[in-house]
file model-v4.cif (mmCIF, C-alpha atoms)
data_query
#
loop_
_atom_site.label_atom_id
_atom_site.label_comp_id
_atom_site.auth_asym_id
_atom_site.auth_seq_id
_atom_site.Cartn_x
_atom_site.Cartn_y
_atom_site.Cartn_z
CA MET A 1 105.56 -69.99 -14.52
CA SER A 2 106.30 -67.55 -17.34
CA ALA A 3 105.78 -63.82 -17.19
CA ALA A 4 102.89 -64.23 -19.62
CA ASP A 5 101.06 -66.37 -17.07
CA ASP A 6 100.90 -63.37 -14.74
CA LEU A 7 99.19 -61.12 -17.29
CA PRO A 8 95.55 -60.12 -16.69
CA GLU A 9 92.85 -61.72 -18.78
CA PRO A 10 92.07 -59.31 -21.61
CA ASP A 11 88.36 -60.15 -21.56
CA ARG A 12 87.79 -59.59 -17.82
CA VAL A 13 86.29 -56.40 -16.37
CA GLU A 14 88.23 -55.38 -13.28
CA GLY A 15 86.18 -55.85 -10.13
CA ALA A 16 83.69 -58.24 -11.73
CA PRO A 17 83.56 -62.00 -12.30
CA HIS A 18 84.77 -63.22 -15.69
CA PRO A 19 81.86 -63.87 -18.09
CA ARG A 20 82.54 -67.62 -17.93
CA GLU A 21 82.00 -67.39 -14.15
CA THR A 22 78.70 -65.53 -14.51
CA PRO A 23 75.88 -68.06 -14.14
CA ARG A 24 72.95 -65.99 -15.39
CA LEU A 25 72.40 -63.41 -18.12
CA TYR A 26 69.91 -60.64 -17.34
CA GLY A 27 67.89 -58.48 -19.69
CA GLN A 28 68.65 -60.33 -22.93
CA GLU A 29 65.72 -62.70 -23.22
CA ALA A 30 65.10 -61.86 -26.88
CA ALA A 31 68.65 -62.80 -27.91
CA GLU A 32 68.52 -66.01 -25.87
CA ARG A 33 65.19 -67.01 -27.40
CA ALA A 34 66.42 -66.31 -30.93
CA PHE A 35 69.34 -68.67 -30.41
CA LEU A 36 67.19 -71.36 -28.77
CA ASP A 37 64.67 -71.19 -31.61
CA ALA A 38 67.47 -71.71 -34.13
CA TYR A 39 68.81 -74.63 -32.10
CA ALA A 40 65.37 -76.24 -31.85
CA SER A 41 64.84 -75.91 -35.60
CA GLY A 42 67.78 -78.22 -36.30
CA ARG A 43 69.37 -75.58 -38.54
CA LEU A 44 71.86 -74.00 -36.20
CA HIS A 45 74.09 -71.51 -38.00
CA HIS A 46 77.83 -72.09 -37.72
CA GLY A 47 78.71 -68.42 -37.13
CA TRP A 48 77.09 -66.02 -34.67
CA LEU A 49 77.86 -62.33 -34.24
CA LEU A 50 76.96 -61.07 -30.76
CA THR A 51 76.57 -57.30 -30.96
CA GLY A 52 75.46 -54.41 -28.78
CA PRO A 53 77.01 -51.83 -26.45
CA GLN A 54 80.06 -52.88 -24.49
CA GLY A 55 79.28 -54.43 -21.12
CA VAL A 56 75.66 -55.50 -21.70
CA GLY A 57 76.37 -59.24 -21.54
CA LYS A 58 77.61 -60.32 -24.98
CA ALA A 59 80.47 -62.39 -23.58
CA THR A 60 78.22 -63.81 -20.86
CA LEU A 61 75.80 -64.93 -23.57
CA ALA A 62 78.65 -66.49 -25.55
CA TRP A 63 79.77 -68.54 -22.55
CA SER A 64 76.17 -69.54 -21.79
CA ILE A 65 75.75 -70.77 -25.37
CA ALA A 66 79.06 -72.65 -25.15
CA ARG A 67 78.02 -74.48 -21.99
CA PHE A 68 74.61 -75.20 -23.48
CA LEU A 69 75.96 -76.70 -26.71
CA LEU A 70 78.80 -78.67 -25.16
CA SER A 71 76.43 -80.28 -22.66
CA ARG A 72 74.05 -81.47 -25.42
CA PRO A 73 74.73 -84.70 -27.32
CA VAL A 74 75.22 -84.60 -31.06
CA GLU A 75 72.09 -85.84 -32.79
CA GLU A 76 72.40 -89.08 -34.72
CA GLY A 77 71.57 -89.21 -38.41
CA GLY A 78 72.83 -87.23 -41.35
CA GLY A 79 74.76 -84.73 -39.25
CA LEU A 80 74.53 -82.20 -36.52
CA PHE A 81 71.83 -80.17 -38.24
CA SER A 82 69.82 -82.94 -39.86
CA ASP A 83 67.30 -83.58 -37.08
CA ALA A 84 65.68 -81.03 -34.81
CA PRO A 85 66.84 -81.56 -31.21
CA PRO A 86 64.44 -81.39 -28.28
CA ALA A 87 63.31 -77.88 -27.39
CA ALA A 88 65.07 -76.22 -24.47
CA ASP A 89 63.55 -73.78 -21.98
CA GLY A 90 66.75 -71.80 -21.52
CA LEU A 91 70.51 -71.71 -21.77
CA ALA A 92 71.20 -72.12 -18.06
CA ALA A 93 73.36 -75.08 -17.04
CA SER A 94 73.92 -76.39 -13.54
CA PRO A 95 77.30 -75.28 -12.17
CA ASP A 96 77.78 -78.87 -11.02
CA HIS A 97 77.52 -80.23 -14.57
CA PRO A 98 80.89 -81.65 -15.72
CA VAL A 99 80.85 -79.40 -18.80
CA ALA A 100 80.23 -76.32 -16.66
CA ARG A 101 83.18 -77.19 -14.44
CA ARG A 102 85.46 -77.83 -17.42
CA VAL A 103 84.40 -74.62 -19.15
CA ALA A 104 85.05 -72.61 -15.97
CA ALA A 105 88.52 -74.12 -15.83
CA LEU A 106 89.12 -73.58 -19.59
CA SER A 107 89.78 -77.30 -19.86
CA ASP A 108 86.90 -78.57 -22.01
CA PRO A 109 88.36 -80.20 -25.14
CA GLY A 110 85.49 -78.92 -27.26
CA LEU A 111 86.06 -75.25 -26.42
CA PHE A 112 88.55 -72.76 -27.86
CA LEU A 113 88.86 -69.18 -26.61
CA LEU A 114 90.35 -66.75 -29.11
CA ARG A 115 91.47 -63.50 -27.50
CA ARG A 116 94.47 -61.20 -27.30
CA GLY A 117 97.63 -63.01 -26.29
CA PRO A 118 100.93 -61.76 -24.84
CA ARG A 119 103.36 -59.66 -26.80
CA ASP A 120 106.50 -61.32 -28.08
CA ASP A 121 108.41 -60.25 -24.96
CA GLY A 122 105.70 -61.70 -22.71
CA LYS A 123 105.62 -58.56 -20.56
CA ALA A 124 102.23 -57.23 -21.62
CA LEU A 125 99.20 -58.13 -23.67
CA SER A 126 99.21 -57.50 -27.38
CA ALA A 127 96.96 -54.66 -28.51
CA GLN A 128 95.40 -56.95 -31.13
CA ILE A 129 94.50 -60.56 -31.79
CA ARG A 130 97.29 -61.66 -34.10
CA ILE A 131 97.32 -64.33 -36.76
CA ASP A 132 99.41 -66.68 -34.60
CA GLU A 133 96.48 -66.93 -32.19
CA VAL A 134 94.05 -67.76 -35.03
CA ARG A 135 96.42 -70.41 -36.41
CA LYS A 136 96.04 -72.33 -33.15
CA LEU A 137 92.48 -73.06 -34.26
CA LYS A 138 93.81 -75.46 -36.90
CA GLY A 139 95.32 -77.64 -34.19
CA PHE A 140 92.17 -77.36 -32.08
CA PHE A 141 89.90 -78.55 -34.88
CA SER A 142 92.34 -81.30 -35.83
CA LEU A 143 92.62 -82.70 -32.31
CA SER A 144 89.01 -82.23 -31.28
CA ASN A 145 87.76 -83.91 -34.47
CA THR A 146 88.67 -87.32 -33.03
CA GLU A 147 86.13 -86.80 -30.22
CA GLY A 148 83.25 -86.62 -32.68
CA GLY A 149 81.41 -84.03 -30.60
CA ARG A 150 80.60 -80.39 -30.86
CA ARG A 151 83.28 -77.71 -31.07
CA VAL A 152 82.67 -74.17 -29.88
CA VAL A 153 84.93 -71.17 -30.53
CA ILE A 154 84.51 -67.89 -28.63
CA VAL A 155 86.19 -64.81 -30.13
CA ASP A 156 86.35 -62.04 -27.54
CA ALA A 157 86.45 -59.55 -29.00
CA ALA A 158 86.32 -59.76 -32.78
CA ASP A 159 87.02 -56.01 -32.82
CA ASP A 160 90.58 -56.85 -31.70
CA LEU A 161 91.44 -58.94 -34.78
CA ASN A 162 94.19 -57.43 -36.91
CA VAL A 163 93.89 -57.64 -40.69
CA ASN A 164 95.76 -60.93 -41.09
CA ALA A 165 93.94 -62.55 -38.20
CA ALA A 166 90.57 -61.41 -39.55
CA ASN A 167 91.31 -62.90 -42.97
CA ALA A 168 92.40 -66.17 -41.40
CA LEU A 169 89.20 -66.34 -39.36
CA LEU A 170 87.16 -65.54 -42.46
CA LYS A 171 88.48 -68.67 -44.16
CA LEU A 172 87.14 -70.77 -41.29
CA LEU A 173 83.76 -69.06 -41.54
CA GLU A 174 83.68 -69.69 -45.28
CA GLU A 175 84.48 -73.39 -44.87
CA PRO A 176 83.40 -74.20 -41.31
CA PRO A 177 84.52 -77.49 -39.77
CA SER A 178 81.77 -79.97 -39.04
CA ARG A 179 79.94 -79.68 -35.72
CA ALA A 180 81.56 -76.28 -35.07
CA THR A 181 79.86 -73.16 -33.76
CA MET A 182 81.78 -69.87 -33.74
CA LEU A 183 80.63 -67.08 -31.42
CA LEU A 184 82.07 -63.65 -32.22
CA VAL A 185 81.69 -60.92 -29.60
CA ALA A 186 81.69 -57.54 -31.35
CA HIS A 187 81.35 -54.14 -29.67
CA GLN A 188 81.66 -52.27 -32.99
CA PRO A 189 80.57 -54.71 -35.72
CA ALA A 190 80.84 -52.03 -38.42
CA ARG A 191 84.63 -52.25 -38.05
CA LEU A 192 84.67 -55.94 -39.01
CA LEU A 193 85.17 -57.20 -42.53
CA PRO A 194 81.82 -57.13 -44.36
CA THR A 195 82.48 -60.71 -45.42
CA ILE A 196 82.79 -61.78 -41.77
CA ARG A 197 79.52 -60.05 -40.91
CA SER A 198 77.74 -61.62 -43.88
CA ARG A 199 78.72 -65.14 -42.82
CA CYS A 200 77.36 -64.79 -39.31
CA ARG A 201 73.88 -64.56 -37.92
CA GLU A 202 73.53 -61.56 -35.63
CA LEU A 203 72.27 -61.63 -32.05
CA ARG A 204 71.88 -58.04 -30.90
CA LEU A 205 71.91 -57.35 -27.18
CA VAL A 206 70.36 -54.22 -25.66
CA PRO A 207 71.14 -51.90 -22.73
CA LEU A 208 69.78 -53.17 -19.43
CA ALA A 209 66.73 -51.64 -17.77
CA PRO A 210 67.14 -50.60 -14.11
CA GLY A 211 65.54 -53.75 -12.72
CA ASP A 212 67.80 -56.05 -14.71
CA MET A 213 70.77 -53.82 -13.89
CA ALA A 214 70.14 -54.23 -10.15
CA ALA A 215 70.00 -58.02 -10.50
CA ALA A 216 73.13 -58.13 -12.68
CA LEU A 217 75.06 -55.91 -10.25
CA ALA A 218 74.07 -58.12 -7.31
CA GLN A 219 75.31 -61.16 -9.23
CA ALA A 220 78.60 -59.33 -9.88
CA GLY A 221 79.01 -58.68 -6.17
CA VAL A 222 78.13 -54.98 -6.27
CA ASP A 223 75.95 -53.99 -3.31
CA ALA A 224 73.62 -51.38 -4.78
CA GLY A 225 70.25 -50.31 -3.51
CA GLN A 226 67.36 -49.47 -5.82
CA GLU A 227 68.21 -45.76 -6.06
CA GLU A 228 71.89 -46.47 -6.70
CA ALA A 229 71.04 -49.11 -9.30
CA LEU A 230 68.84 -46.58 -11.10
CA ALA A 231 71.70 -44.07 -11.12
CA LEU A 232 74.22 -46.63 -12.34
CA ALA A 233 71.88 -47.80 -15.09
CA GLU A 234 71.46 -44.22 -16.32
CA LEU A 235 75.12 -43.19 -16.09
CA SER A 236 76.37 -46.43 -17.66
CA GLY A 237 73.90 -46.42 -20.53
CA GLY A 238 72.62 -49.81 -19.39
CA SER A 239 76.06 -51.45 -19.46
CA VAL A 240 76.79 -53.75 -16.53
CA GLY A 241 80.52 -53.59 -17.18
CA ALA A 242 80.47 -49.78 -17.10
CA ALA A 243 78.24 -49.81 -14.01
CA VAL A 244 80.68 -52.06 -12.14
CA ARG A 245 83.49 -49.64 -12.96
CA LEU A 246 81.39 -46.65 -11.91
CA ALA A 247 80.53 -48.27 -8.61
CA GLY A 248 84.13 -49.21 -7.91
CA LEU A 249 85.43 -45.69 -8.56
CA GLY A 250 82.67 -43.79 -6.78
CA GLY A 251 81.16 -42.61 -10.05
CA ILE A 252 77.81 -41.59 -8.60
CA GLY A 253 79.52 -39.31 -6.09
CA LEU A 254 81.68 -37.82 -8.84
CA TYR A 255 78.65 -37.10 -10.98
CA ARG A 256 76.82 -35.62 -8.00
CA ASP A 257 79.75 -33.24 -7.42
CA LEU A 258 79.77 -32.38 -11.10
CA LEU A 259 76.04 -31.65 -11.01
CA HIS A 260 76.65 -29.32 -8.06
CA LEU A 261 78.96 -27.29 -10.31
CA LEU A 262 76.31 -27.20 -13.04
CA GLU A 263 73.72 -26.07 -10.49
CA SER A 264 75.98 -23.16 -9.51
CA LEU A 265 76.19 -21.83 -13.07
CA PRO A 266 76.47 -19.19 -14.37
CA ARG A 267 78.29 -18.17 -11.14
CA LEU A 268 80.72 -21.10 -10.92
CA ASP A 269 81.47 -22.44 -7.45
CA ARG A 270 85.22 -22.08 -7.93
CA PRO A 271 86.37 -23.77 -4.66
CA ALA A 272 84.22 -26.79 -5.53
CA ALA A 273 85.65 -26.80 -9.05
CA ILE A 274 89.21 -26.77 -7.71
CA ALA A 275 88.42 -29.56 -5.25
CA LEU A 276 86.94 -31.69 -8.03
CA SER A 277 89.91 -31.13 -10.33
CA GLU A 278 92.38 -32.06 -7.57
CA ARG A 279 90.68 -35.45 -7.20
CA ALA A 280 91.91 -36.24 -10.71
CA SER A 281 95.56 -35.46 -10.01
CA GLY A 282 98.29 -37.19 -8.09
CA ARG A 283 99.81 -40.64 -8.15
CA GLY A 284 97.30 -43.41 -8.75
CA ALA A 285 94.48 -41.04 -9.70
CA GLU A 286 94.44 -42.00 -13.39
CA PRO A 287 91.29 -44.17 -13.19
CA VAL A 288 89.37 -41.40 -11.41
CA ARG A 289 90.68 -38.81 -13.87
CA ASP A 290 89.59 -40.88 -16.86
CA LEU A 291 86.16 -41.46 -15.33
CA LEU A 292 85.72 -37.78 -14.48
CA ILE A 293 86.54 -36.83 -18.08
CA GLU A 294 83.95 -39.34 -19.30
CA LEU A 295 81.36 -37.94 -16.88
CA LEU A 296 82.07 -34.38 -18.03
CA ASP A 297 81.46 -35.47 -21.60
CA LEU A 298 78.31 -37.34 -20.53
CA ALA A 299 76.94 -34.28 -18.72
CA ILE A 300 77.37 -32.11 -21.80
CA ALA A 301 75.76 -34.78 -23.98
CA ARG A 302 72.78 -34.92 -21.60
CA LEU A 303 72.49 -31.14 -21.79
CA ALA A 304 72.44 -31.28 -25.60
CA ARG A 305 69.86 -34.06 -25.52
CA THR A 306 67.65 -32.06 -23.16
CA GLY A 307 67.65 -29.03 -25.44
CA ALA A 308 67.06 -31.11 -28.57
CA THR A 309 64.17 -33.15 -27.20
CA GLY A 310 62.61 -30.51 -24.96
CA ALA A 311 62.75 -32.81 -21.94
CA PRO A 312 65.60 -34.02 -19.70
CA PRO A 313 66.48 -37.72 -19.61
CA PRO A 314 65.65 -39.75 -16.48
CA GLU A 315 67.55 -38.34 -13.53
CA ALA A 316 70.85 -39.98 -12.64
CA VAL A 317 71.00 -38.03 -9.37
CA PRO A 318 68.34 -35.92 -7.61
CA GLY A 319 67.92 -32.43 -8.97
CA GLU A 320 69.54 -33.16 -12.32
CA ALA A 321 66.40 -32.70 -14.42
CA ALA A 322 65.79 -29.13 -13.27
CA THR A 323 69.42 -28.16 -13.86
CA LEU A 324 69.52 -29.65 -17.35
CA ALA A 325 66.25 -27.97 -18.29
CA ARG A 326 67.48 -24.58 -17.05
CA LEU A 327 70.82 -24.75 -18.88
CA ALA A 328 69.41 -26.25 -22.11
CA PRO A 329 65.94 -24.79 -22.60
CA ASP A 330 65.74 -25.01 -26.39
CA MET A 331 67.23 -26.25 -29.66
CA ALA A 332 69.63 -23.30 -29.91
CA ALA A 333 71.13 -24.25 -26.56
CA ALA A 334 71.30 -27.87 -27.69
CA ARG A 335 73.40 -26.88 -30.70
CA ARG A 336 75.76 -24.83 -28.52
CA TRP A 337 76.25 -27.70 -26.07
CA ALA A 338 76.80 -30.16 -28.92
CA GLU A 339 79.43 -27.87 -30.45
CA LEU A 340 81.12 -27.50 -27.07
CA SER A 341 81.17 -31.29 -26.68
CA GLN A 342 83.13 -31.64 -29.92
CA THR A 343 85.56 -28.85 -28.98
CA LEU A 344 86.18 -30.12 -25.46
CA GLY A 345 86.53 -33.72 -26.66
CA ALA A 346 89.37 -32.75 -28.99
CA ARG A 347 91.00 -30.58 -26.31
CA LEU A 348 90.81 -33.34 -23.68
CA ARG A 349 92.32 -35.89 -26.04
CA HIS A 350 95.16 -33.51 -26.88
CA GLY A 351 95.74 -32.66 -23.24
CA ARG A 352 96.04 -36.31 -22.27
CA ALA A 353 98.32 -37.03 -25.25
CA VAL A 354 100.81 -34.33 -24.21
CA ASN A 355 100.51 -35.17 -20.51
CA LEU A 356 99.01 -31.85 -19.49
CA ASP A 357 98.57 -31.55 -15.73
CA PRO A 358 95.26 -33.40 -15.02
CA ALA A 359 94.01 -30.88 -12.49
CA THR A 360 94.64 -28.01 -14.90
CA LEU A 361 92.96 -29.92 -17.74
CA ILE A 362 89.84 -30.64 -15.66
CA LEU A 363 89.63 -27.11 -14.27
CA ASP A 364 89.98 -25.59 -17.73
CA THR A 365 87.19 -27.86 -18.99
CA VAL A 366 84.89 -26.81 -16.15
CA HIS A 367 85.57 -23.11 -16.87
CA ARG A 368 84.72 -23.62 -20.54
CA ILE A 369 81.44 -25.26 -19.54
CA ALA A 370 80.74 -22.30 -17.26
CA GLY A 371 81.49 -19.91 -20.11
CA GLN A 372 78.94 -21.70 -22.27
CA ALA A 373 76.29 -21.36 -19.56
CA VAL A 374 76.67 -17.57 -19.51
CA ARG A 375 75.54 -17.21 -23.13
#
call {"tool": "encode", "arguments": {"input": "model-v4.cif", "output": "structure tokens"}}
result
Amino acid sequence: MSAADDLPEPDRVEGAPHPRETPRLYGQEAAERAFLDAYASGRLHHGWLLTGPQGVGKATLAWSIARFLLSRPVEEGGGLFSDAPPAADGLAASPDHPVARRVAALSDPGLFLLRRGPRDDGKALSAQIRIDEVRKLKGFFSLSNTEGGRRVVIVDAADDLNVNAANALLKLLEEPPSRATMLLVAHQPARLLPTIRSRCRELRLVPLAPGDMAAALAQAGVDAGQEEALALAELSGGSVGAAVRLAGLGGIGLYRDLLHLLESLPRLDRPAAIALSERASGRGAEPVRDLLIELLDLAIARLARTGATGAPPPEAVPGEAATLARLAPDMAAARRWAELSQTLGARLRHGRAVNLDPATLILDTVHRIAGQAVR
């Protein structure tokens, strides 16, 4: 086994099943129905761009579509798209279906997964999808053509394509092989080549509502009660991937401690602030530090939103609404919090770049928030 074989999968969220192992997609019925309607019409587009916030199920939808297509026979007649196939109620496929088993094992001959590969030294993953990975598609289409069936390509994520790889993929979208469907997962579609976007039909996925979030978390193996699921849905912005990370790192508890500091303003609870900052320091604390920085930024954004709209967002933890309303009572306060968010964001990025002591960085950020609350 090579060193590259030991590398993590670049498209897997730590602590959660891989999207190809996720049997059901929650909260994205509109996107599913749009694809099924196109399939039933007999005019299935060759390129699909799956967009929406990161972690809402774009890759899960791509794998569901792949299993669906590969388990359907190619219609006889003038070609794949000449006759409308029978209507389908949904994308779900039995896990016992031979295609489902092959897809789970990445062994189906009609499937190609395009994602970041190892660096040249094999010791880590490349930061981008390089052209060498895209060139493998030529061999895939050449070999799979002899089977006469469907071919499905999943690109996860298209955002990772470097310039040369993007141009190579564009050529395939411009002259698609027969019976091929290309599914491009894109977290930030505006960063893609306009010509790639124009040659794909978009399926936009949306943030999950609390009920769907609870079901998706249970499927991912996260034991969350109704109240916790509501908190995770709010703090994650409806992203299952982000919610899984929050749950694994104790994100709700971190945000609750952060809210306690906000509640104490303008007289900052300094011992509590020191205790919170120390949780972000020390060996192995990097994930907690990064999450705490994100939650600090989120709290300020929620303060700005409260002042701008005149009403706090749904509570992530009990007591949050009253605190946000007190600290951001009007539009003037909203502007001050928004300005502070920009200032602190730049300072936090600089502090991490120069390896400033994490505890000092967090504590300084908290003091600057307290200073804003005094105004």
call {"tool": "closest_residue", "arguments": {"input": "model-v4.cif", "among": "A:Leu170, A:Met182, A:Phe140, A:Gly42", "to": "Trp63 (chain A)", "atoms": "all atoms listed in the file"}}
result
A:Met182
call {"tool": "closest_residue", "arguments": {"input": "model-v4.cif", "among": "A:Gln372, A:Thr360, A:Ser71, A:Ser107", "to": "Ser277 (chain A)", "atoms": "only C-alpha atoms"}}
result
A:Thr360
call {"tool": "residues_near_point", "arguments": {"input": "model-v4.cif", "point": "(69.8, -70.2, -13.4)", "cutoff": "10 Å", "atoms": "all atoms listed in the file", "output": "VMD selection string"}}
result
chain A and resid 23 to 25 90 to 95
call {"tool": "atom_distance", "arguments": {"input": "model-v4.cif", "atom1": "CA of Met331 (chain A)", "atom2": "CA of Ile252 (chain A)"}}
result
28.1 Å
call {"tool": "atom_distance", "arguments": {"input": "model-v4.cif", "atom1": "CA of Gly139 (chain A)", "atom2": "CA of Ala158 (chain A)"}}
result
20.1 Å
